[in-house]
$ cat data-v1.cif   # mmCIF, C-alpha atoms
data_my_file
loop_
_atom_site.group_PDB
_atom_site.id
_atom_site.type_symbol
_atom_site.label_atom_id
_atom_site.label_comp_id
_atom_site.auth_asym_id
_atom_site.auth_seq_id
_atom_site.Cartn_x
_atom_site.Cartn_y
_atom_site.Cartn_z
ATOM 1 C CA MET A 1 0.000 0.000 0.000
ATOM 2 C CA LYS A 2 1.146 3.546 -0.712
ATOM 3 C CA ILE A 3 1.039 5.631 2.466
ATOM 4 C CA GLY A 4 1.673 9.369 2.471
ATOM 5 C CA VAL A 5 3.094 11.232 5.466
ATOM 6 C CA VAL A 6 2.839 15.017 5.838
ATOM 7 C CA THR A 7 5.425 16.333 8.256
ATOM 8 C CA ALA A 8 7.021 19.666 9.106
ATOM 9 C CA GLY A 9 10.553 18.638 9.884
ATOM 10 C CA ASN A 10 10.922 15.383 11.795
ATOM 11 C CA GLU A 11 7.770 15.449 13.937
ATOM 12 C CA ASN A 12 5.808 12.658 12.240
ATOM 13 C CA LEU A 13 8.935 10.730 11.287
ATOM 14 C CA THR A 14 8.970 9.618 14.938
ATOM 15 C CA LEU A 15 6.271 7.138 13.896
ATOM 16 C CA PHE A 16 8.829 5.197 11.862
ATOM 17 C CA LYS A 17 9.913 3.603 15.123
ATOM 18 C CA PHE A 18 7.054 1.218 14.309
ATOM 19 C CA LEU A 19 6.105 2.079 10.714
ATOM 20 C CA ASN A 20 9.369 0.548 9.486
ATOM 21 C CA LYS A 21 8.085 -2.843 10.654
ATOM 22 C CA PHE A 22 5.342 -2.760 8.020
ATOM 23 C CA ASP A 23 6.168 -3.235 4.338
ATOM 24 C CA HIS A 24 4.488 -0.300 2.637
ATOM 25 C CA GLN A 25 5.571 2.283 0.091
ATOM 26 C CA TYR A 26 5.932 5.444 2.161
ATOM 27 C CA HIS A 27 5.748 8.835 0.438
ATOM 28 C CA ILE A 28 6.818 11.632 2.783
ATOM 29 C CA TYR A 29 6.192 15.320 2.180
ATOM 30 C CA TYR A 30 8.961 16.903 4.258
ATOM 31 C CA ASP A 31 7.888 20.517 4.722
ATOM 32 C CA GLN A 32 11.074 22.097 6.036
ATOM 33 C CA LEU A 33 10.178 25.613 4.886
ATOM 34 C CA ASN A 34 7.180 25.820 7.213
ATOM 35 C CA TRP A 35 8.676 24.073 10.243
ATOM 36 C CA PRO A 36 7.398 24.062 12.901
ATOM 37 C CA TYR A 37 3.649 24.048 12.224
ATOM 38 C CA GLY A 38 3.089 24.470 15.956
ATOM 39 C CA ASP A 39 4.559 28.001 15.927
ATOM 40 C CA ASN A 40 2.220 29.206 13.211
ATOM 41 C CA ASP A 41 -1.432 30.141 13.061
ATOM 42 C CA PHE A 42 -3.516 26.963 12.876
ATOM 43 C CA ASP A 43 -5.549 27.995 9.829
ATOM 44 C CA GLU A 44 -2.441 28.965 7.884
ATOM 45 C CA SER A 45 -0.723 25.659 8.622
ATOM 46 C CA LYS A 46 -3.928 23.800 7.790
ATOM 47 C CA LYS A 47 -4.028 25.422 4.331
ATOM 48 C CA LYS A 48 -0.471 24.306 3.657
ATOM 49 C CA ILE A 49 -1.166 20.784 4.904
ATOM 50 C CA GLU A 50 -4.233 20.529 2.684
ATOM 51 C CA SER A 51 -2.122 21.455 -0.332
ATOM 52 C CA TRP A 52 0.392 18.723 0.634
ATOM 53 C CA ILE A 53 -2.489 16.238 0.973
ATOM 54 C CA LYS A 54 -3.551 17.044 -2.579
ATOM 55 C CA TYR A 55 0.054 16.705 -3.737
ATOM 56 C CA LEU A 56 0.330 13.217 -2.242
ATOM 57 C CA ILE A 57 -3.055 12.168 -3.621
ATOM 58 C CA ASN A 58 -1.706 13.095 -7.050
ATOM 59 C CA LYS A 59 1.126 10.665 -6.294
ATOM 60 C CA TRP A 60 -1.570 7.982 -6.013
ATOM 61 C CA VAL A 61 -1.158 7.336 -2.302
ATOM 62 C CA ASP A 62 -3.874 5.199 -0.736
ATOM 63 C CA LYS A 63 -3.748 6.644 2.789
ATOM 64 C CA ILE A 64 -2.203 9.668 4.524
ATOM 65 C CA ILE A 65 -0.776 10.201 8.017
ATOM 66 C CA LEU A 66 -1.122 13.641 9.628
ATOM 67 C CA SER A 67 -0.160 15.200 12.963
ATOM 68 C CA PRO A 68 -2.734 14.568 15.744
ATOM 69 C CA VAL A 69 -4.544 17.906 15.797
ATOM 70 C CA TYR A 70 -4.861 18.048 11.995
ATOM 71 C CA GLU A 71 -6.033 14.438 11.823
ATOM 72 C CA LEU A 72 -8.844 15.208 14.272
ATOM 73 C CA ASP A 73 -9.753 18.424 12.477
ATOM 74 C CA PHE A 74 -9.970 16.898 8.990
ATOM 75 C CA ILE A 75 -11.802 13.785 10.199
ATOM 76 C CA GLN A 76 -14.384 15.814 12.116
ATOM 77 C CA ALA A 77 -14.861 18.035 9.070
ATOM 78 C CA LYS A 78 -15.269 14.828 7.024
ATOM 79 C CA LYS A 79 -12.630 15.976 4.537
ATOM 80 C CA TYR A 80 -10.482 13.310 2.874
ATOM 81 C CA LYS A 81 -12.044 10.871 5.364
ATOM 82 C CA ASP A 82 -11.292 7.899 3.106
ATOM 83 C CA LYS A 83 -7.655 8.966 2.843
ATOM 84 C CA ILE A 84 -6.586 10.002 6.353
ATOM 85 C CA LEU A 85 -5.457 7.165 8.610
ATOM 86 C CA PRO A 86 -7.132 7.398 12.054
ATOM 87 C CA ILE A 87 -4.005 6.637 14.076
ATOM 88 C CA PHE A 88 -4.406 9.297 16.768
ATOM 89 C CA SER A 89 -8.181 8.789 16.777
ATOM 90 C CA GLY A 90 -7.635 5.084 17.368
ATOM 91 C CA TYR A 91 -5.109 5.885 20.100
ATOM 92 C CA LEU A 92 -7.823 7.894 21.877
ATOM 93 C CA ASP A 93 -10.644 5.390 21.305
ATOM 94 C CA GLN A 94 -8.824 2.137 21.933
ATOM 95 C CA ILE A 95 -6.108 3.033 24.428
ATOM 96 C CA VAL A 96 -6.338 6.392 26.168
ATOM 97 C CA LEU A 97 -9.984 7.149 26.934
ATOM 98 C CA PRO A 98 -11.043 3.632 28.027
ATOM 99 C CA SER A 99 -8.099 3.563 30.473
ATOM 100 C CA SER A 100 -8.928 6.831 32.222
ATOM 101 C CA LEU A 101 -9.673 6.376 35.937
ATOM 102 C CA VAL A 102 -11.299 9.655 36.945
ATOM 103 C CA TRP A 103 -11.310 11.512 33.613
ATOM 104 C CA LYS A 104 -8.882 14.246 34.591
ATOM 105 C CA ILE A 105 -6.843 14.579 31.434
ATOM 106 C CA TRP A 106 -3.814 16.653 30.591
ATOM 107 C CA LEU A 107 -3.161 17.708 27.001
ATOM 108 C CA PHE A 108 0.255 19.047 26.074
ATOM 109 C CA TRP A 109 0.744 20.820 22.808
ATOM 110 C CA ASN A 110 2.200 23.661 20.735
ATOM 111 C CA PHE A 111 0.853 27.166 20.148
ATOM 112 C CA ALA A 112 -1.178 26.284 17.037
ATOM 113 C CA ASP A 113 -2.783 23.282 18.749
ATOM 114 C CA MET A 114 -4.006 25.462 21.624
ATOM 115 C CA GLN A 115 -6.230 27.388 19.230
ATOM 116 C CA VAL A 116 -8.408 24.406 18.374
ATOM 117 C CA ALA A 117 -7.494 21.322 20.416
ATOM 118 C CA GLN A 118 -9.891 21.938 23.296
ATOM 119 C CA LYS A 119 -12.943 22.181 21.035
ATOM 120 C CA LEU A 120 -11.807 19.201 18.982
ATOM 121 C CA MET A 121 -11.410 17.054 22.088
ATOM 122 C CA GLU A 122 -14.754 18.135 23.525
ATOM 123 C CA LYS A 123 -16.529 17.301 20.306
ATOM 124 C CA TYR A 124 -14.609 14.065 19.849
ATOM 125 C CA SER A 125 -15.483 12.771 23.320
ATOM 126 C CA GLU A 126 -19.222 13.419 22.959
ATOM 127 C CA ASN A 127 -19.753 10.016 21.369
ATOM 128 C CA PHE A 128 -17.485 8.107 23.728
ATOM 129 C CA LYS A 129 -19.270 5.413 25.723
ATOM 130 C CA LEU A 130 -17.996 4.782 29.206
ATOM 131 C CA THR A 131 -16.656 1.336 29.987
ATOM 132 C CA GLU A 132 -18.348 -0.765 32.655
ATOM 133 C CA ASN A 133 -15.486 -0.045 35.073
ATOM 134 C CA GLN A 134 -15.757 3.696 34.464
ATOM 135 C CA LYS A 135 -19.500 3.628 35.175
ATOM 136 C CA LYS A 136 -18.769 2.133 38.601
ATOM 137 C CA ILE A 137 -16.355 4.910 39.626
ATOM 138 C CA LYS A 138 -18.259 7.410 41.794
ATOM 139 C CA LYS A 139 -15.838 10.288 41.268
ATOM 140 C CA PHE A 140 -15.642 9.836 37.523
ATOM 141 C CA ASN A 141 -15.886 13.194 35.737
ATOM 142 C CA PHE A 142 -17.863 13.132 32.521
ATOM 143 C CA PRO A 143 -17.732 15.059 30.294
ATOM 144 C CA PHE A 144 -14.022 15.078 30.956
ATOM 145 C CA LYS A 145 -12.016 17.754 32.708
ATOM 146 C CA PHE A 146 -8.611 18.542 31.319
ATOM 147 C CA TRP A 147 -5.557 20.626 32.051
ATOM 148 C CA CYS A 148 -3.501 22.156 29.268
ATOM 149 C CA LYS A 149 0.151 23.008 28.944
ATOM 150 C CA GLU A 150 2.016 24.608 26.072
ATOM 151 C CA VAL A 151 5.413 22.926 25.791
ATOM 152 C CA GLN A 152 6.641 24.669 22.700
ATOM 153 C CA MET A 153 10.343 24.365 23.524
ATOM 154 C CA TRP A 154 10.275 20.545 23.536
ATOM 155 C CA GLN A 155 10.293 20.427 19.750
ATOM 156 C CA TYR A 156 13.534 22.417 19.634
ATOM 157 C CA PHE A 157 15.168 20.191 22.237
ATOM 158 C CA ALA A 158 14.251 17.132 20.167
ATOM 159 C CA ARG A 159 16.034 18.592 17.180
ATOM 160 C CA LYS A 160 19.140 20.034 18.764
ATOM 161 C CA LEU A 161 19.833 17.939 21.858
ATOM 162 C CA SER A 162 19.954 14.331 22.925
ATOM 163 C CA PHE A 163 16.653 12.995 24.287
ATOM 164 C CA SER A 164 18.557 12.027 27.429
ATOM 165 C CA SER A 165 20.248 15.427 27.819
ATOM 166 C CA LEU A 166 20.351 16.544 31.468
ATOM 167 C CA MET A 167 19.158 20.062 30.611
ATOM 168 C CA THR A 168 16.319 18.733 28.465
ATOM 169 C CA ASN A 169 15.123 16.361 31.150
ATOM 170 C CA ARG A 170 15.183 19.040 33.832
ATOM 171 C CA ILE A 171 12.989 21.350 31.785
ATOM 172 C CA ILE A 172 10.585 18.542 30.864
ATOM 173 C CA LYS A 173 10.240 17.546 34.518
ATOM 174 C CA PHE A 174 9.653 21.181 35.455
ATOM 175 C CA ASP A 175 6.801 21.375 32.925
ATOM 176 C CA LEU A 176 5.348 18.112 34.205
ATOM 177 C CA ARG A 177 5.405 19.102 37.893
ATOM 178 C CA TYR A 178 2.151 21.084 37.925
ATOM 179 C CA PHE A 179 0.172 18.211 36.474
ATOM 180 C CA LYS A 180 1.577 15.770 38.948
ATOM 181 C CA ASP A 181 0.403 18.071 41.746
ATOM 182 C CA ALA A 182 -2.994 18.428 40.054
ATOM 183 C CA ASN A 183 -3.291 14.630 40.129
ATOM 184 C CA VAL A 184 -4.336 14.271 36.501
ATOM 185 C CA ASP A 185 -4.859 10.647 35.559
ATOM 186 C CA THR A 186 -3.988 10.644 31.844
ATOM 187 C CA LEU A 187 -1.482 12.505 29.656
ATOM 188 C CA ILE A 188 -2.146 13.009 25.954
ATOM 189 C CA PRO A 189 0.491 14.482 23.616
ATOM 190 C CA PHE A 190 -0.691 16.449 20.603
ATOM 191 C CA ASP A 191 2.618 16.057 18.824
ATOM 192 C CA TYR A 192 4.194 12.722 17.892
ATOM 193 C CA TRP A 193 7.613 14.219 18.553
ATOM 194 C CA TYR A 194 6.896 14.188 22.290
ATOM 195 C CA PHE A 195 7.042 10.403 22.309
ATOM 196 C CA ASN A 196 10.807 10.790 22.059
ATOM 197 C CA TYR A 197 10.648 11.853 25.721
ATOM 198 C CA GLN A 198 8.467 8.979 26.840
ATOM 199 C CA LYS A 199 11.098 7.452 29.148
ATOM 200 C CA THR A 200 11.406 10.691 31.098
ATOM 201 C CA ILE A 201 7.616 11.146 31.256
ATOM 202 C CA VAL A 202 6.897 7.587 32.370
ATOM 203 C CA LYS A 203 9.575 7.653 35.074
ATOM 204 C CA PHE A 204 8.348 10.992 36.413
ATOM 205 C CA PHE A 205 4.778 9.827 37.055
ATOM 206 C CA ASN A 206 3.336 6.994 39.123
ATOM 207 C CA GLN A 207 1.855 4.899 36.313
ATOM 208 C CA LYS A 208 -0.744 3.419 38.660
ATOM 209 C CA LYS A 209 -2.191 6.893 39.141
ATOM 210 C CA GLN A 210 -1.122 8.831 36.056
ATOM 211 C CA LYS A 211 -0.948 7.061 32.738
ATOM 212 C CA PHE A 212 1.092 7.921 29.676
ATOM 213 C CA HIS A 213 0.561 5.432 26.870
ATOM 214 C CA LYS A 214 3.798 5.071 24.930
ATOM 215 C CA ILE A 215 4.475 5.003 21.201
ATOM 216 C CA GLU A 216 4.228 1.208 21.168
ATOM 217 C CA LYS A 217 0.480 1.665 21.678
ATOM 218 C CA LEU A 218 0.314 3.739 18.507
ATOM 219 C CA GLY A 219 2.004 0.811 16.759
ATOM 220 C CA GLU A 220 -0.742 -1.502 18.037
ATOM 221 C CA VAL A 221 -3.398 0.865 16.684
ATOM 222 C CA PHE A 222 -1.680 0.967 13.290
ATOM 223 C CA ASP A 223 -1.407 -2.818 13.216
ATOM 224 C CA LYS A 224 -5.156 -3.169 13.867
ATOM 225 C CA LEU A 225 -5.880 -1.120 10.754
ATOM 226 C CA ASP A 226 -4.833 -4.292 8.918
ATOM 227 C CA LEU A 227 -3.567 -2.511 5.812
ATOM 228 C CA GLU A 228 -2.505 -4.660 2.889
ATOM 229 C CA GLN A 229 1.282 -4.776 2.818
ATOM 230 C CA ASP A 230 3.622 -4.803 -0.179
ATOM 231 C CA GLN A 231 6.436 -7.218 -0.823
ATOM 232 C CA LYS A 232 8.991 -4.482 -0.340
ATOM 233 C CA TYR A 233 9.472 -1.565 2.060
ATOM 234 C CA SER A 234 10.436 1.754 0.433
ATOM 235 C CA VAL A 235 10.635 5.453 1.325
ATOM 236 C CA ASN A 236 10.334 8.397 -1.066
ATOM 237 C CA MET A 237 10.859 11.882 0.362
ATOM 238 C CA TYR A 238 9.672 15.074 -1.294
ATOM 239 C CA VAL A 239 11.625 18.001 0.172
ATOM 240 C CA ASN A 240 11.069 21.719 -0.369
ATOM 241 C CA TRP A 241 14.438 22.762 1.068
ATOM 242 C CA HIS A 242 17.809 21.041 1.376
ATOM 243 C CA LYS A 243 17.769 17.262 1.822
ATOM 244 C CA GLU A 244 20.779 17.679 4.135
ATOM 245 C CA PHE A 245 18.308 18.637 6.864
ATOM 246 C CA VAL A 246 17.132 15.030 6.769
ATOM 247 C CA GLU A 247 20.499 13.407 6.158
ATOM 248 C CA ARG A 248 22.112 14.971 9.217
ATOM 249 C CA GLU A 249 19.427 13.542 11.540
ATOM 250 C CA LYS A 250 21.053 10.152 12.077
ATOM 251 C CA ARG A 251 18.487 8.798 14.533
ATOM 252 C CA VAL A 252 15.697 9.585 12.090
ATOM 253 C CA LEU A 253 17.610 8.105 9.168
ATOM 254 C CA TRP A 254 18.201 4.818 10.974
ATOM 255 C CA ASN A 255 14.475 4.380 11.489
ATOM 256 C CA LEU A 256 13.599 5.358 7.924
ATOM 257 C CA GLN A 257 16.288 3.138 6.417
ATOM 258 C CA LYS A 258 15.756 0.173 8.709
ATOM 259 C CA TRP A 259 19.278 0.688 10.011
ATOM 260 C CA LYS A 260 20.911 1.375 6.606
ATOM 261 C CA ASN A 261 19.184 -1.520 4.842
ATOM 262 C CA VAL A 262 17.028 0.699 2.610
ATOM 263 C CA GLU A 263 18.084 3.594 0.396
ATOM 264 C CA LEU A 264 15.953 6.733 0.591
ATOM 265 C CA VAL A 265 14.806 8.343 -2.651
ATOM 266 C CA PHE A 266 14.772 12.168 -2.527
ATOM 267 C CA GLU A 267 12.899 14.515 -4.843
ATOM 268 C CA LYS A 268 13.279 18.308 -4.596
ATOM 269 C CA ILE A 269 10.034 20.185 -5.221
#

$ encode --input "data-v1.cif" --output "structure tokens"
Amino acid sequence: MKIGVVTAGNENLTLFKFLNKFDHQYHIYYDQLNWPYGDNDFDESKKKIESWIKYLINKWVDKIILSPVYELDFIQAKKYKDKILPIFSGYLDQIVLPSSLVWKIWLFWNFADMQVAQKLMEKYSENFKLTENQKKIKKFNFPFKFWCKEVQMWQYFARKLSFSSLMTNRIIKFDLRYFKDANVDTLIPFDYWYFNYQKTIVKFFNQKKQKFHKIEKLGEVFDKLDLEQDQKYSVNMYVNWHKEFVEREKRVLWNLQKWKNVELVFEKI
């Protein structure tokens, strides 16, 4: 199957930690010129993303992967609904929401996400049916209550510093402290890049009280989509700036190339 990926910089390439286990033809629109989407006005970024969706459809892709907030927005608007893969939606439906204990949820995001994420989540959860265990919890809050935190600097740390950097981890823990005190029960990232910090996040919280569902759960959601696989794994990247921005990111390259076993095909547009 031909699967398109729209990404500003490396954010959605984080998903190749599990996508590289599935033999598909991946077509990646690497939008370096507009990185990061999270620093821009939501509507402006959405217009650009829609143009990249059309570009990939013209490349005959069967399905397309978007960042979480844009996936929810396009799916709720019923635009390209047969094309957009519901990975984040499935993560919410199958993993995150059914596991909530008291429905006190923390969302962490970028500037652009803050403009629309709250309304998207409220609308998305309207059709959620409580599990039998959730119905038995007396203090269960429904509709849900959530705390929000803009963590805009995390995306820059992910690009410039090691994920295990002492400075990075200190700042991440500082951002997480308020939500630990607020006793939220579930953490939801609105950027796939944040899963690069999952070890720090998981260690910081008591997972019996506060849950953060790691990137492996996204892999389970993708697997359940049961997409027809090809005989060969391949990656084509369409870049609108210098391909060196990709080539210098060794951790990203290893995932894309299955540890140097696959050659990437670049096309400048």

$ residues_around --input "data-v1.cif" --residues "segment 113-127 of chain A" --least-positions-apart "5" --cutoff "10 Å" --atoms "all atoms listed in the file" --output "PyMOL selection string"
chain A and resi 37-43+68-70+72-73+76+89+92-93+97+107-108+142-150+190-191

$ write_last_selection --input "data-v1.cif" --atoms "C-alpha atoms" --output "PDB file, keeping the file's coordinate frame"
ATOM      1  CA  TYR A  37       3.649  24.048  12.224  1.00  0.00           C
ATOM      2  CA  GLY A  38       3.089  24.470  15.956  1.00  0.00           C
ATOM      3  CA  ASP A  39       4.559  28.001  15.927  1.00  0.00           C
ATOM      4  CA  ASN A  40       2.220  29.206  13.211  1.00  0.00           C
ATOM      5  CA  ASP A  41      -1.432  30.141  13.061  1.00  0.00           C
ATOM      6  CA  PHE A  42      -3.516  26.963  12.876  1.00  0.00           C
ATOM      7  CA  ASP A  43      -5.549  27.995   9.829  1.00  0.00           C
ATOM      8  CA  PRO A  68      -2.734  14.568  15.744  1.00  0.00           C
ATOM      9  CA  VAL A  69      -4.544  17.906  15.797  1.00  0.00           C
ATOM     10  CA  TYR A  70      -4.861  18.048  11.995  1.00  0.00           C
ATOM     11  CA  LEU A  72      -8.844  15.208  14.272  1.00  0.00           C
ATOM     12  CA  ASP A  73      -9.753  18.424  12.477  1.00  0.00           C
ATOM     13  CA  GLN A  76     -14.384  15.814  12.116  1.00  0.00           C
ATOM     14  CA  SER A  89      -8.181   8.789  16.777  1.00  0.00           C
ATOM     15  CA  LEU A  92      -7.823   7.894  21.877  1.00  0.00           C
ATOM     16  CA  ASP A  93     -10.644   5.390  21.305  1.00  0.00           C
ATOM     17  CA  LEU A  97      -9.984   7.149  26.934  1.00  0.00           C
ATOM     18  CA  LEU A 107      -3.161  17.708  27.001  1.00  0.00           C
ATOM     19  CA  PHE A 108       0.255  19.047  26.074  1.00  0.00           C
ATOM     20  CA  PHE A 142     -17.863  13.132  32.521  1.00  0.00           C
ATOM     21  CA  PRO A 143     -17.732  15.059  30.294  1.00  0.00           C
ATOM     22  CA  PHE A 144     -14.022  15.078  30.956  1.00  0.00           C
ATOM     23  CA  LYS A 145     -12.016  17.754  32.708  1.00  0.00           C
ATOM     24  CA  PHE A 146      -8.611  18.542  31.319  1.00  0.00           C
ATOM     25  CA  TRP A 147      -5.557  20.626  32.051  1.00  0.00           C
ATOM     26  CA  CYS A 148      -3.501  22.156  29.268  1.00  0.00           C
ATOM     27  CA  LYS A 149       0.151  23.008  28.944  1.00  0.00           C
ATOM     28  CA  GLU A 150       2.016  24.608  26.072  1.00  0.00           C
ATOM     29  CA  PHE A 190      -0.691  16.449  20.603  1.00  0.00           C
ATOM     30  CA  ASP A 191       2.618  16.057  18.824  1.00  0.00           C
TER      31      ASP A 191
END

$ residues_around --input "data-v1.cif" --residues "Lys250 of chain A" --least-positions-apart "4" --cutoff "12 Å" --atoms "only C-alpha atoms" --output "list in words"
Asn10, Arg159, Ser162, Glu244, Phe245, Val246, Trp254, Asn255, Leu256, Gln257, Lys258, Trp259 and Lys260 of chain A

$ atom_distance --input "data-v1.cif" --atom1 "atom CA of Ile105 of chain A" --atom2 "atom CA of Lys224 of chain A"
25.0 Å

$ atom_distance --input "data-v1.cif" --atom1 "atom CA of Ile3 of chain A" --atom2 "atom CA of Gln25 of chain A"
6.1 Å

$ resolve_selection --input "data-v1.cif" --expression "the PyMOL selection byres ((chain A and resi 209-211) around 6)" --output "compact mmCIF listing (two decimals) with C-alpha atoms, keeping the file's coordinate frame"
# COMPACT_ATOMS: atom_id res chain seq x y z
CA ASP A 185 -4.86 10.65 35.56
CA THR A 186 -3.99 10.64 31.84
CA ASN A 206 3.34 6.99 39.12
CA GLN A 207 1.86 4.90 36.31
CA LYS A 208 -0.74 3.42 38.66
CA PHE A 212 1.09 7.92 29.68

$ closest_residue --input "data-v1.cif" --among "A:Phe204, A:Trp154, A:Phe22, A:Tyr30" --to "His242 of chain A" --atoms "all atoms listed in the file"
A:Tyr30

$ resolve_selection --input "data-v1.cif" --expression "the PyMOL selection byres ((chain A and resi 90) around 10)" --output "ChimeraX atom specification"
/A:85-89,91-96,217-218,220-222,224-225

$ atom_distance --input "data-v1.cif" --atom1 "atom CA of Thr200 of chain A" --atom2 "atom CA of Glu216 of chain A"
15.5 Å

$ resolve_selection --input "data-v1.cif" --expression "the PyMOL selection byres ((chain A and resi 12) around 10)" --output "list in words"
Val5, Val6, Thr7, Ala8, Gly9, Asn10, Glu11, Leu13, Thr14, Leu15, Phe16, Ile28, Tyr30, Ile65, Leu66, Ser67, Pro68, Asp191, Tyr192 and Trp193 of chain A

$ write_last_selection --input "data-v1.cif" --atoms "C-alpha atoms" --output "short mmCIF file (atom, residue, chain, number, x, y, z; two decimals), keeping the file's coordinate frame"
data_model
loop_
_atom_site.label_atom_id
_atom_site.label_comp_id
_atom_site.auth_asym_id
_atom_site.auth_seq_id
_atom_site.Cartn_x
_atom_site.Cartn_y
_atom_site.Cartn_z
CA VAL A 5 3.09 11.23 5.47
CA VAL A 6 2.84 15.02 5.84
CA THR A 7 5.42 16.33 8.26
CA ALA A 8 7.02 19.67 9.11
CA GLY A 9 10.55 18.64 9.88
CA ASN A 10 10.92 15.38 11.80
CA GLU A 11 7.77 15.45 13.94
CA LEU A 13 8.94 10.73 11.29
CA THR A 14 8.97 9.62 14.94
CA LEU A 15 6.27 7.14 13.90
CA PHE A 16 8.83 5.20 11.86
CA ILE A 28 6.82 11.63 2.78
CA TYR A 30 8.96 16.90 4.26
CA ILE A 65 -0.78 10.20 8.02
CA LEU A 66 -1.12 13.64 9.63
CA SER A 67 -0.16 15.20 12.96
CA PRO A 68 -2.73 14.57 15.74
CA ASP A 191 2.62 16.06 18.82
CA TYR A 192 4.19 12.72 17.89
CA TRP A 193 7.61 14.22 18.55
#

$ closest_residue --input "data-v1.cif" --among "A:Asn110, A:Glu263, A:Leu130, A:Trp103" --to "Val184 of chain A" --atoms "all atoms listed in the file"
A:Trp103

$ closest_residue --input "data-v1.cif" --among "A:Tyr55, A:Asn133, A:Phe195, A:Asp175" --to "Met153 of chain A" --atoms "all atoms listed in the file"
A:Asp175
